[in-house]
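Student: Would you mind keeping the following structure in view while I ask a few things?
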Amino acid sequence: MSDLSPTWSLTAYFPTFGGPEYQTFIHQLQADLKSASTTVETTVPLDDSNHDGWASHFATAEDIGARLGHVGSYLGCLGAADAANEDYQAAEAALASLQAQFAKLMTLLKHGLSQCSDENFEVFLRNASLADATHELTRLRTSARFQMESSAEALAADLGVDGISAWGRLYDTVSGKMTFEMKWPDGRTETTPMSQRRALLTHHDRRVRAAAFHAGNTVWAAHEDVMGAALNAIAGTRLTLYSRRGQNHFLDAPFHDASVSRATIDAMFAAIDANLDVPRRLLGLNARLQGTAGIAWFDQDAPQLPNTLPELSWERAVALCDQAFGDHYPHLQSYLRSMIKNRWVENEQRPNKRAGAFATGSSVINEERIFMTFGGTMSDVTTLAHEVGHTWHSHLLTALRPCAQTYPMTLAETASTFAESILADGLMADPGLDEDQRAFLLEGSLSHAPSFLLNIPVRFKFESRFYAERAAGTVPVSRIKQLMTEAQLDVFGDTLDPAGVDPWFWASKLHFFITELSFYNFPYTFGYLLSSALFQEFKREGPAFLKRYETFLSLTGRATCEDVVQQALGRDIREETFWAETIRGLTPRIDAYAAVVARKLGAPSV
Ligand SMILES: [Zn+2]
């Protein structure tokens with residue numbers, strides 16, 4: 001651990017941005033994309049005479065996709081690390097046009113693969129050169145089945161630019177310019193951008209949270225008609241397209257995207273409904289800590305315990321991850337060491353860097369990178385562990401063909417959350433910590449539970465009920481607010497103070513206005529519970545489990561969620577018991593937290 005560079009090296013992607021290697025790569029990619037599109041467009045659809053040809057078209061498209069991914073990852077890294085650089089922005093815009101051409105190639109490919117009989121397609125899938133592509137090809141064929149004829153799809157895509165996407169852009173523009181009058185506890189009033197409200201809602205002083213919440217909602221209320229029109233139009237467009245495409249239910253498309261069945265998601269939410277006492281108990285403890293009968297909507301993300309951990313150096317942060325991984329998962333430790341040694345982690349604090357953190361990689365060079373800004377806090381160490389989990393997942397897939405290296409959102413956060421859990425466990429076992437520091441870490445390790453087991457289910461329930469009513473016509477704003485309030489009270493129960501509900505949460509949450517994806521909520525809960533299940537299994541079984549864990553990760557691009565879990569863990573996720581056991585598995589940590597709360601309040605534990 002000698003070379004701890006604050007910046008990353010990207011020269012393995014290209015020696016220089018815009019240099020001869022980069023130019024040649026882009027030109028070759030353009031030429032190959034053009035020629036592949038012409039070839040696929042002029043080939044007769046798949047029948048029993050041209051299996052080898054179509055297998056080769058598919059492999060060519062996969063290769064082009066991987067090369068586009070290589071450039072996308074490279075430009076994404078450059079742009080994040082130097083957000084003011086206009087050359088990178090121009091290159092990203094040029095790449096977007098190549099990506100649009102690639103999307104057209106994939107549409108042609110889907111069409112070509114969907115015309116033949118099921119029997120013929122079964123034989124095609126047995127083609128020797130299509131090993132590990134069965135899952136992706138089956139998904140392509142299924143999605144092609146739920147398409148209108150190509151001219152209608154083309155018209156829908158063209159109209160969408162000024163239709164559904166425009167409603168999403170309107171939301172972004174209006175909400176992006178919003179400000180609210182923040183009244184600080186000391187009497188100061190400050191005009192504050194709405195984008196800062198979220199951070200204020202995590203403030204340790206409850207008066208600050210309440211002020212940001214109420215002042216912010218005054219502004220959302222003033223814009224509720226615009227937001228309600230956008231929400232109705234986005235859902236209405238989708239419902240029209242679903243019915244024209246022969247999709248019977250508004251959840252069919254989101255479930256297809258997530259590679260998961262309705263039976264599984266029904267079982268998961270049934271288990272949550274039956275075990276709401278577990279996450280509610282956690283919020284009840286927080287209410288006691290803050291001295292209120294129940295929590296308000298604006299208390300959900302507030303820290304209750306003080307952070308007394310010292311500020312950390314980057315060296316110390318890496319050492320903490322290194323030690324936790326080394327104690328529990330030596331392969332992950334060696335991988336982290338190689339990332340640090342090869343300068344794959346950008347962590348410097350400096351101007352012109354984008355906010356946030358991400359993991360990326362390229363299957364052209366089989367390398368990964370992490371982007372983050374290290375500010376010396378424990379939450380930054382958790383971010384490092386989280387992103388290393390992501391890159392480790394990619395690393396385990398590098399030997400596979402490109403289409404088997406991509407996985408749905410439902411399976412995307414498993415490895416990251418698993419690595420976070422290993423870190424949290426390792427940190428809490430550190431004998432050098434005092435009681436308060438350990439309590440602070442414990443609170444952090446439980447903070448996901450109310451978000452994924454209460455807040456996200458509220459969004460899912462609200463959105464399901466909204467779509468069901470929207471099918472019968474426009475839903476008035478007063479009714480949207482009522483649906484939102486009802487969902488909150490249903491899920492939170494009496495842990496939520498009825499005076500503390502948020503009727504405008506549907507307006508303030510950007511996720512409801514993302515036009516590319518609908519139901520951007522249940523995959524979060526799925527990922528959280530699945531990774532909790534894996535971690536609980538790891539705790540029970542010990543190091544022997546890690547082999548099955550790696551099998552699990554390596555299968556994520558080659559099967560449905562149900563099959564991945566069945567093959568790697570031998571469990572059926574369509575059964576409610578799988579999810580219920582996992583939720584109840586959180587109890588020992590909540591017991592420990594209850595003991596901390598009791599100690600703080602000098603009262604017996606509940
Ligand atoms: Zn993540």
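Lettering and numbering for the structure tokens are positional, with chains as A, B, ... in the shown order, residues counted from 1 in each chain, and ligands counted from 1 in the shown order.
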For region 122-149 of chain A against region 104-116 of chain A, with a cut-off of 6 Å and counting only C-alpha atoms, what is the closest atom pair and its distance in Å to one decimal for every residue that makes the cut, ordered by chain and number, as a Markdown table?
Tutor:
```
| residue | atom | partner | partner_atom | distance |
| --- | --- | --- | --- | --- |
| A:Leu140 | CA | A:Lys110 | CA | 5.7 |
| A:Arg141 | CA | A:Ser114 | CA | 5.2 |
| A:Ala144 | CA | A:Lys110 | CA | 5.7 |
```
Student: For the residues in the current selection, export N, CA and C atoms as a PDB file, in the first residue's frame.
Tutor:
```
ATOM      1  N   LEU A 140     -34.548 -10.094 -25.690  1.00  0.00           N
ATOM      2  CA  LEU A 140     -34.730  -9.285 -26.900  1.00  0.00           C
ATOM      3  C   LEU A 140     -35.984  -9.724 -27.650  1.00  0.00           C
ATOM      4  N   ARG A 141     -36.134 -11.039 -27.770  1.00  0.00           N
ATOM      5  CA  ARG A 141     -37.296 -11.562 -28.498  1.00  0.00           C
ATOM      6  C   ARG A 141     -38.593 -11.204 -27.780  1.00  0.00           C
ATOM      7  N   ALA A 144     -39.395  -7.607 -28.313  1.00  0.00           N
ATOM      8  CA  ALA A 144     -39.846  -7.355 -29.691  1.00  0.00           C
ATOM      9  C   ALA A 144     -41.313  -7.731 -29.868  1.00  0.00           C
TER      10      ALA A 144
END
```
Student: Hey, which residues sit close to ligand 1? Say within 12 Å, counting only C-alpha atoms and all ligand atoms, and write them as a PDB file with N, CA and C atoms, in the first residue's frame.
Tutor:
```pdb
ATOM      1  N   GLY A 356     -20.833  13.436  -6.078  1.00  0.00           N
ATOM      2  CA  GLY A 356     -21.233  12.033  -6.074  1.00  0.00           C
ATOM      3  C   GLY A 356     -20.094  11.075  -6.362  1.00  0.00           C
ATOM      4  N   ALA A 357     -20.458   9.819  -6.490  1.00  0.00           N
ATOM      5  CA  ALA A 357     -19.468   8.763  -6.713  1.00  0.00           C
ATOM      6  C   ALA A 357     -20.048   7.758  -7.687  1.00  0.00           C
ATOM      7  N   PHE A 358     -19.182   7.115  -8.463  1.00  0.00           N
ATOM      8  CA  PHE A 358     -19.660   6.030  -9.326  1.00  0.00           C
ATOM      9  C   PHE A 358     -18.537   5.046  -9.614  1.00  0.00           C
ATOM     10  N   ALA A 359     -18.956   3.863 -10.048  1.00  0.00           N
ATOM     11  CA  ALA A 359     -18.004   2.851 -10.493  1.00  0.00           C
ATOM     12  C   ALA A 359     -18.228   2.678 -11.986  1.00  0.00           C
ATOM     13  N   THR A 360     -17.166   2.440 -12.728  1.00  0.00           N
ATOM     14  CA  THR A 360     -17.299   2.232 -14.166  1.00  0.00           C
ATOM     15  C   THR A 360     -16.225   1.249 -14.604  1.00  0.00           C
ATOM     16  N   ILE A 370     -12.985   3.858 -10.138  1.00  0.00           N
ATOM     17  CA  ILE A 370     -13.909   4.434  -9.156  1.00  0.00           C
ATOM     18  C   ILE A 370     -13.706   5.940  -9.132  1.00  0.00           C
ATOM     19  N   PHE A 371     -14.830   6.666  -9.183  1.00  0.00           N
ATOM     20  CA  PHE A 371     -14.800   8.120  -9.071  1.00  0.00           C
ATOM     21  C   PHE A 371     -15.443   8.503  -7.748  1.00  0.00           C
ATOM     22  N   THR A 382     -17.337   4.414   3.585  1.00  0.00           N
ATOM     23  CA  THR A 382     -18.427   3.537   3.148  1.00  0.00           C
ATOM     24  C   THR A 382     -18.610   3.643   1.634  1.00  0.00           C
ATOM     25  N   THR A 383     -18.517   4.872   1.104  1.00  0.00           N
ATOM     26  CA  THR A 383     -18.621   5.057  -0.350  1.00  0.00           C
ATOM     27  C   THR A 383     -17.537   4.261  -1.071  1.00  0.00           C
ATOM     28  N   LEU A 384     -16.311   4.314  -0.538  1.00  0.00           N
ATOM     29  CA  LEU A 384     -15.220   3.550  -1.166  1.00  0.00           C
ATOM     30  C   LEU A 384     -15.569   2.059  -1.182  1.00  0.00           C
ATOM     31  N   ALA A 385     -16.008   1.527  -0.037  1.00  0.00           N
ATOM     32  CA  ALA A 385     -16.355   0.097   0.029  1.00  0.00           C
ATOM     33  C   ALA A 385     -17.483  -0.217  -0.947  1.00  0.00           C
ATOM     34  N   HIS A 386     -18.481   0.651  -0.999  1.00  0.00           N
ATOM     35  CA  HIS A 386     -19.636   0.466  -1.885  1.00  0.00           C
ATOM     36  C   HIS A 386     -19.177   0.366  -3.349  1.00  0.00           C
ATOM     37  N   GLU A 387     -18.361   1.331  -3.765  1.00  0.00           N
ATOM     38  CA  GLU A 387     -17.920   1.350  -5.167  1.00  0.00           C
ATOM     39  C   GLU A 387     -16.963   0.190  -5.475  1.00  0.00           C
ATOM     40  N   VAL A 388     -16.138  -0.197  -4.514  1.00  0.00           N
ATOM     41  CA  VAL A 388     -15.267  -1.368  -4.734  1.00  0.00           C
ATOM     42  C   VAL A 388     -16.141  -2.614  -4.935  1.00  0.00           C
ATOM     43  N   GLY A 389     -17.266  -2.679  -4.196  1.00  0.00           N
ATOM     44  CA  GLY A 389     -18.194  -3.793  -4.400  1.00  0.00           C
ATOM     45  C   GLY A 389     -18.680  -3.839  -5.844  1.00  0.00           C
ATOM     46  N   HIS A 390     -19.043  -2.677  -6.395  1.00  0.00           N
ATOM     47  CA  HIS A 390     -19.491  -2.603  -7.795  1.00  0.00           C
ATOM     48  C   HIS A 390     -18.398  -3.060  -8.761  1.00  0.00           C
ATOM     49  N   THR A 391     -17.184  -2.539  -8.579  1.00  0.00           N
ATOM     50  CA  THR A 391     -16.134  -2.871  -9.547  1.00  0.00           C
ATOM     51  C   THR A 391     -15.728  -4.346  -9.419  1.00  0.00           C
ATOM     52  N   HIS A 393     -17.766  -6.764  -8.747  1.00  0.00           N
ATOM     53  CA  HIS A 393     -18.810  -7.452  -9.506  1.00  0.00           C
ATOM     54  C   HIS A 393     -18.429  -7.458 -11.000  1.00  0.00           C
ATOM     55  N   MET A 409     -31.202  -3.550 -12.875  1.00  0.00           N
ATOM     56  CA  MET A 409     -31.083  -2.722 -11.680  1.00  0.00           C
ATOM     57  C   MET A 409     -31.341  -3.521 -10.398  1.00  0.00           C
ATOM     58  N   THR A 410     -32.227  -4.513 -10.500  1.00  0.00           N
ATOM     59  CA  THR A 410     -32.540  -5.353  -9.340  1.00  0.00           C
ATOM     60  C   THR A 410     -31.311  -6.072  -8.784  1.00  0.00           C
ATOM     61  N   LEU A 411     -30.350  -6.395  -9.668  1.00  0.00           N
ATOM     62  CA  LEU A 411     -29.177  -7.152  -9.214  1.00  0.00           C
ATOM     63  C   LEU A 411     -27.931  -6.272  -9.148  1.00  0.00           C
ATOM     64  N   ALA A 412     -28.115  -4.972  -9.428  1.00  0.00           N
ATOM     65  CA  ALA A 412     -26.949  -4.091  -9.558  1.00  0.00           C
ATOM     66  C   ALA A 412     -26.347  -3.675  -8.221  1.00  0.00           C
ATOM     67  N   GLU A 413     -27.155  -3.607  -7.175  1.00  0.00           N
ATOM     68  CA  GLU A 413     -26.637  -3.085  -5.905  1.00  0.00           C
ATOM     69  C   GLU A 413     -26.249  -4.177  -4.907  1.00  0.00           C
ATOM     70  N   THR A 414     -26.329  -5.433  -5.329  1.00  0.00           N
ATOM     71  CA  THR A 414     -26.036  -6.513  -4.380  1.00  0.00           C
ATOM     72  C   THR A 414     -24.589  -6.467  -3.925  1.00  0.00           C
ATOM     73  N   ALA A 415     -23.664  -6.426  -4.884  1.00  0.00           N
ATOM     74  CA  ALA A 415     -22.244  -6.508  -4.535  1.00  0.00           C
ATOM     75  C   ALA A 415     -21.794  -5.279  -3.752  1.00  0.00           C
ATOM     76  N   SER A 416     -22.353  -4.104  -4.104  1.00  0.00           N
ATOM     77  CA  SER A 416     -21.953  -2.873  -3.416  1.00  0.00           C
ATOM     78  C   SER A 416     -22.425  -2.901  -1.961  1.00  0.00           C
ATOM     79  N   THR A 417     -23.675  -3.311  -1.748  1.00  0.00           N
ATOM     80  CA  THR A 417     -24.202  -3.342  -0.376  1.00  0.00           C
ATOM     81  C   THR A 417     -23.508  -4.430   0.445  1.00  0.00           C
ATOM     82  N   PHE A 418     -23.176  -5.534  -0.209  1.00  0.00           N
ATOM     83  CA  PHE A 418     -22.468  -6.628   0.470  1.00  0.00           C
ATOM     84  C   PHE A 418     -21.103  -6.141   0.974  1.00  0.00           C
ATOM     85  N   ALA A 419     -20.380  -5.410   0.121  1.00  0.00           N
ATOM     86  CA  ALA A 419     -19.057  -4.885   0.524  1.00  0.00           C
ATOM     87  C   ALA A 419     -19.208  -3.870   1.661  1.00  0.00           C
ATOM     88  N   GLU A 420     -20.264  -3.040   1.581  1.00  0.00           N
ATOM     89  CA  GLU A 420     -20.546  -2.085   2.668  1.00  0.00           C
ATOM     90  C   GLU A 420     -20.778  -2.819   3.981  1.00  0.00           C
ATOM     91  N   TYR A 524     -34.911  -0.973  -5.827  1.00  0.00           N
ATOM     92  CA  TYR A 524     -34.096  -0.600  -4.662  1.00  0.00           C
ATOM     93  C   TYR A 524     -34.356  -1.535  -3.483  1.00  0.00           C
ATOM     94  N   GLY A 527     -33.077  -5.054  -4.202  1.00  0.00           N
ATOM     95  CA  GLY A 527     -31.617  -5.142  -4.082  1.00  0.00           C
ATOM     96  C   GLY A 527     -31.173  -5.123  -2.627  1.00  0.00           C
ATOM     97  N   TYR A 528     -31.823  -4.271  -1.830  1.00  0.00           N
ATOM     98  CA  TYR A 528     -31.460  -4.177  -0.410  1.00  0.00           C
ATOM     99  C   TYR A 528     -31.722  -5.502   0.299  1.00  0.00           C
TER     100      TYR A 528
END
```
Student: Determine which residues of region 289-435 of chain A receive a DSSP assignment of helix (DSSP H, G or I), computed from the backbone, and state them as a PyMOL selection string.
Tutor: chain A and resi 289-290+297-299+314-328+330-341+378-397+402-405+409-412+414-428+435
Student: For the residues selected in the previous step, produce a file with C-alpha atoms as a CSV table (one decimal), in the first residue's frame.
Tutor:
```csv
chain,number,residue,atom,x,y,z
A,289,LEU,CA,-34.5,9.7,21.0
A,290,GLN,CA,-35.8,13.0,19.7
A,297,TRP,CA,-41.9,12.8,7.2
A,298,PHE,CA,-39.0,15.2,7.5
A,299,ASP,CA,-37.4,13.1,10.3
A,314,TRP,CA,-7.2,8.8,2.7
A,315,GLU,CA,-4.5,6.4,3.8
A,316,ARG,CA,-6.5,5.5,6.9
A,317,ALA,CA,-9.7,5.1,4.8
A,318,VAL,CA,-8.0,2.6,2.5
A,319,ALA,CA,-6.5,0.8,5.5
A,320,LEU,CA,-9.9,0.4,7.1
A,321,CYS,CA,-11.4,-1.2,4.0
A,322,ASP,CA,-8.3,-3.3,3.5
A,323,GLN,CA,-8.5,-4.6,7.0
A,324,ALA,CA,-12.2,-5.4,7.0
A,325,PHE,CA,-12.0,-7.1,3.6
A,326,GLY,CA,-8.8,-9.0,4.6
A,327,ASP,CA,-10.5,-10.4,7.7
A,328,HIS,CA,-13.7,-11.6,6.0
A,330,PRO,CA,-9.4,-12.0,1.2
A,331,HIS,CA,-10.2,-12.0,-2.6
A,332,LEU,CA,-11.8,-8.6,-2.2
A,333,GLN,CA,-8.8,-7.3,-0.3
A,334,SER,CA,-6.4,-8.4,-3.0
A,335,TYR,CA,-8.6,-6.8,-5.6
A,336,LEU,CA,-8.8,-3.5,-3.6
A,337,ARG,CA,-5.0,-3.5,-3.3
A,338,SER,CA,-4.6,-4.0,-7.1
A,339,MET,CA,-7.0,-1.1,-7.7
A,340,ILE,CA,-5.0,1.2,-5.4
A,341,LYS,CA,-1.7,0.1,-6.8
A,378,MET,CA,-16.7,7.7,7.7
A,379,SER,CA,-19.4,8.0,5.1
A,380,ASP,CA,-16.6,8.5,2.5
A,381,VAL,CA,-15.0,5.2,3.6
A,382,THR,CA,-18.4,3.5,3.1
A,383,THR,CA,-18.6,5.1,-0.4
A,384,LEU,CA,-15.2,3.5,-1.2
A,385,ALA,CA,-16.4,0.1,0.0
A,386,HIS,CA,-19.6,0.5,-1.9
A,387,GLU,CA,-17.9,1.3,-5.2
A,388,VAL,CA,-15.3,-1.4,-4.7
A,389,GLY,CA,-18.2,-3.8,-4.4
A,390,HIS,CA,-19.5,-2.6,-7.8
A,391,THR,CA,-16.1,-2.9,-9.5
A,392,TRP,CA,-15.5,-6.3,-8.0
A,393,HIS,CA,-18.8,-7.5,-9.5
A,394,SER,CA,-17.7,-6.2,-12.9
A,395,HIS,CA,-14.3,-7.8,-12.4
A,396,LEU,CA,-15.9,-11.2,-11.8
A,397,LEU,CA,-17.7,-10.9,-15.2
A,402,PRO,CA,-20.3,-8.7,-23.4
A,403,CYS,CA,-24.1,-9.4,-23.2
A,404,ALA,CA,-23.5,-11.6,-20.1
A,405,GLN,CA,-21.7,-8.7,-18.4
A,409,MET,CA,-31.1,-2.7,-11.7
A,410,THR,CA,-32.5,-5.4,-9.3
A,411,LEU,CA,-29.2,-7.2,-9.2
A,412,ALA,CA,-26.9,-4.1,-9.6
A,414,THR,CA,-26.0,-6.5,-4.4
A,415,ALA,CA,-22.2,-6.5,-4.5
A,416,SER,CA,-22.0,-2.9,-3.4
A,417,THR,CA,-24.2,-3.3,-0.4
A,418,PHE,CA,-22.5,-6.6,0.5
A,419,ALA,CA,-19.1,-4.9,0.5
A,420,GLU,CA,-20.5,-2.1,2.7
A,421,SER,CA,-21.8,-4.7,5.1
A,422,ILE,CA,-18.4,-6.3,5.4
A,423,LEU,CA,-16.9,-2.9,6.1
A,424,ALA,CA,-19.5,-2.0,8.7
A,425,ASP,CA,-19.1,-5.4,10.5
A,426,GLY,CA,-15.3,-5.0,10.5
A,427,LEU,CA,-15.4,-1.5,11.8
A,428,MET,CA,-17.9,-2.3,14.6
A,435,GLU,CA,-19.3,3.1,23.0
```
Student: Let me make sure I understand: among A:Val477, A:Leu441, A:Leu312, A:Met182, which one has the smallest atom-to-atom distance to Ala229 (chain A) if we use only C-alpha atoms?
Tutor: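 Comparing A:Val477, A:Leu441, A:Leu312, A:Met182 against Ala229 (chain A), the winner is A:Val477.
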Student: Residues at most 12 Å from Val565 (chain A), counting only C-alpha atoms, excluding those fewer than 6 positions away in the same chain, as a short mmCIF file (atom, residue, chain, number, x, y, z; two decimals) with C-alpha atoms, in the first residue's frame?
Tutor:
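Done, and the output landed in selection.cif:
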```cif
data_model
loop_
_atom_site.label_atom_id
_atom_site.label_comp_id
_atom_site.auth_asym_id
_atom_site.auth_seq_id
_atom_site.Cartn_x
_atom_site.Cartn_y
_atom_site.Cartn_z
CA VAL A 260 -38.09 -10.31 -12.42
CA THR A 264 -41.55 -12.44 -6.87
CA LEU A 411 -29.18 -7.15 -9.21
CA THR A 414 -26.04 -6.51 -4.38
CA LEU A 530 -31.44 -9.63 -1.54
CA SER A 531 -28.04 -8.37 -0.44
CA ALA A 533 -30.18 -12.20 2.57
CA LEU A 534 -26.77 -12.95 1.08
CA ARG A 548 -21.53 -19.40 -3.90
CA TYR A 549 -21.59 -15.63 -3.61
CA GLU A 550 -19.19 -15.33 -6.53
CA THR A 551 -21.25 -17.81 -8.53
CA PHE A 552 -24.26 -15.60 -7.81
CA LEU A 553 -22.46 -12.49 -9.12
CA SER A 554 -21.16 -14.27 -12.20
CA LEU A 555 -24.69 -15.37 -13.17
CA THR A 556 -26.32 -11.91 -12.93
CA ARG A 558 -27.18 -14.77 -17.74
CA ALA A 559 -30.52 -15.51 -16.08
CA ARG A 571 -33.71 -20.55 -2.81
CA ASP A 572 -37.06 -19.66 -4.40
CA ILE A 573 -37.62 -15.90 -4.24
CA ARG A 574 -41.24 -16.27 -5.33
CA PHE A 578 -37.51 -15.99 1.72
#
```
Student: For region 4-19 of chain A, find every residue with an atom within 6 Å (counting only C-alpha atoms), except residues of its own chain fewer than 4 positions away, and show them as JSON, numbers by chain.
Tutor: {"A": [343, 344, 345, 346, 347, 348]}
Student: Looking only at strand (DSSP E) from DSSP on the backbone, list the matching residues of region 287-423 of chain A as a PyMOL selection string.
Tutor: chain A and resi 345-346+358-362+367-371
Student: Write out as a PyMOL selection string each polymer residue whose atoms come within 8 Å of Thr191 (chain A), counting only C-alpha atoms; drop sequence neighbours fewer than 5 positions from it.
Tutor: chain A and resi 179-182
Student: Show which residues sit within 10 Å of Asp32 (chain A), as a list of chain:residue names. Count only C-alpha atoms, and ignore same-chain residues fewer than 3 positions away.
Tutor: A:Ile26, A:His27, A:Gln28, A:Leu29, A:Ser35, A:Ala36, A:Ser37, A:Thr38, A:Thr60, A:Ala61, A:Asp63, A:Ile64
Student: Excluding Lys183 (chain A) and residues on its chain fewer than 5 positions from it, collect all residues at most 10 Å away from it, counting only C-alpha atoms, and give them as a ChimeraX atom specification.
Tutor: /A:188-192,207-208,210-212,214-215
Student: Please compute the CA of Phe513 (chain A)-CA of Pro254 (chain A) distance, one decimal, in Å.
Tutor: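 Computing it gives 14.7 Å between the two atoms.
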Student: Just how far from CA of Met372 (chain A) is CA of Glu311 (chain A), in Å to one decimal?
Tutor: 17.2 Å
Student: I need the residue nearest Asn85 (chain A) from this list: A:Arg354, A:Val596, A:Ala128, A:Gly557. Use only C-alpha atoms for the distance.
Tutor: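 Result for the nearest residue to Asn85 (chain A): A:Arg354.
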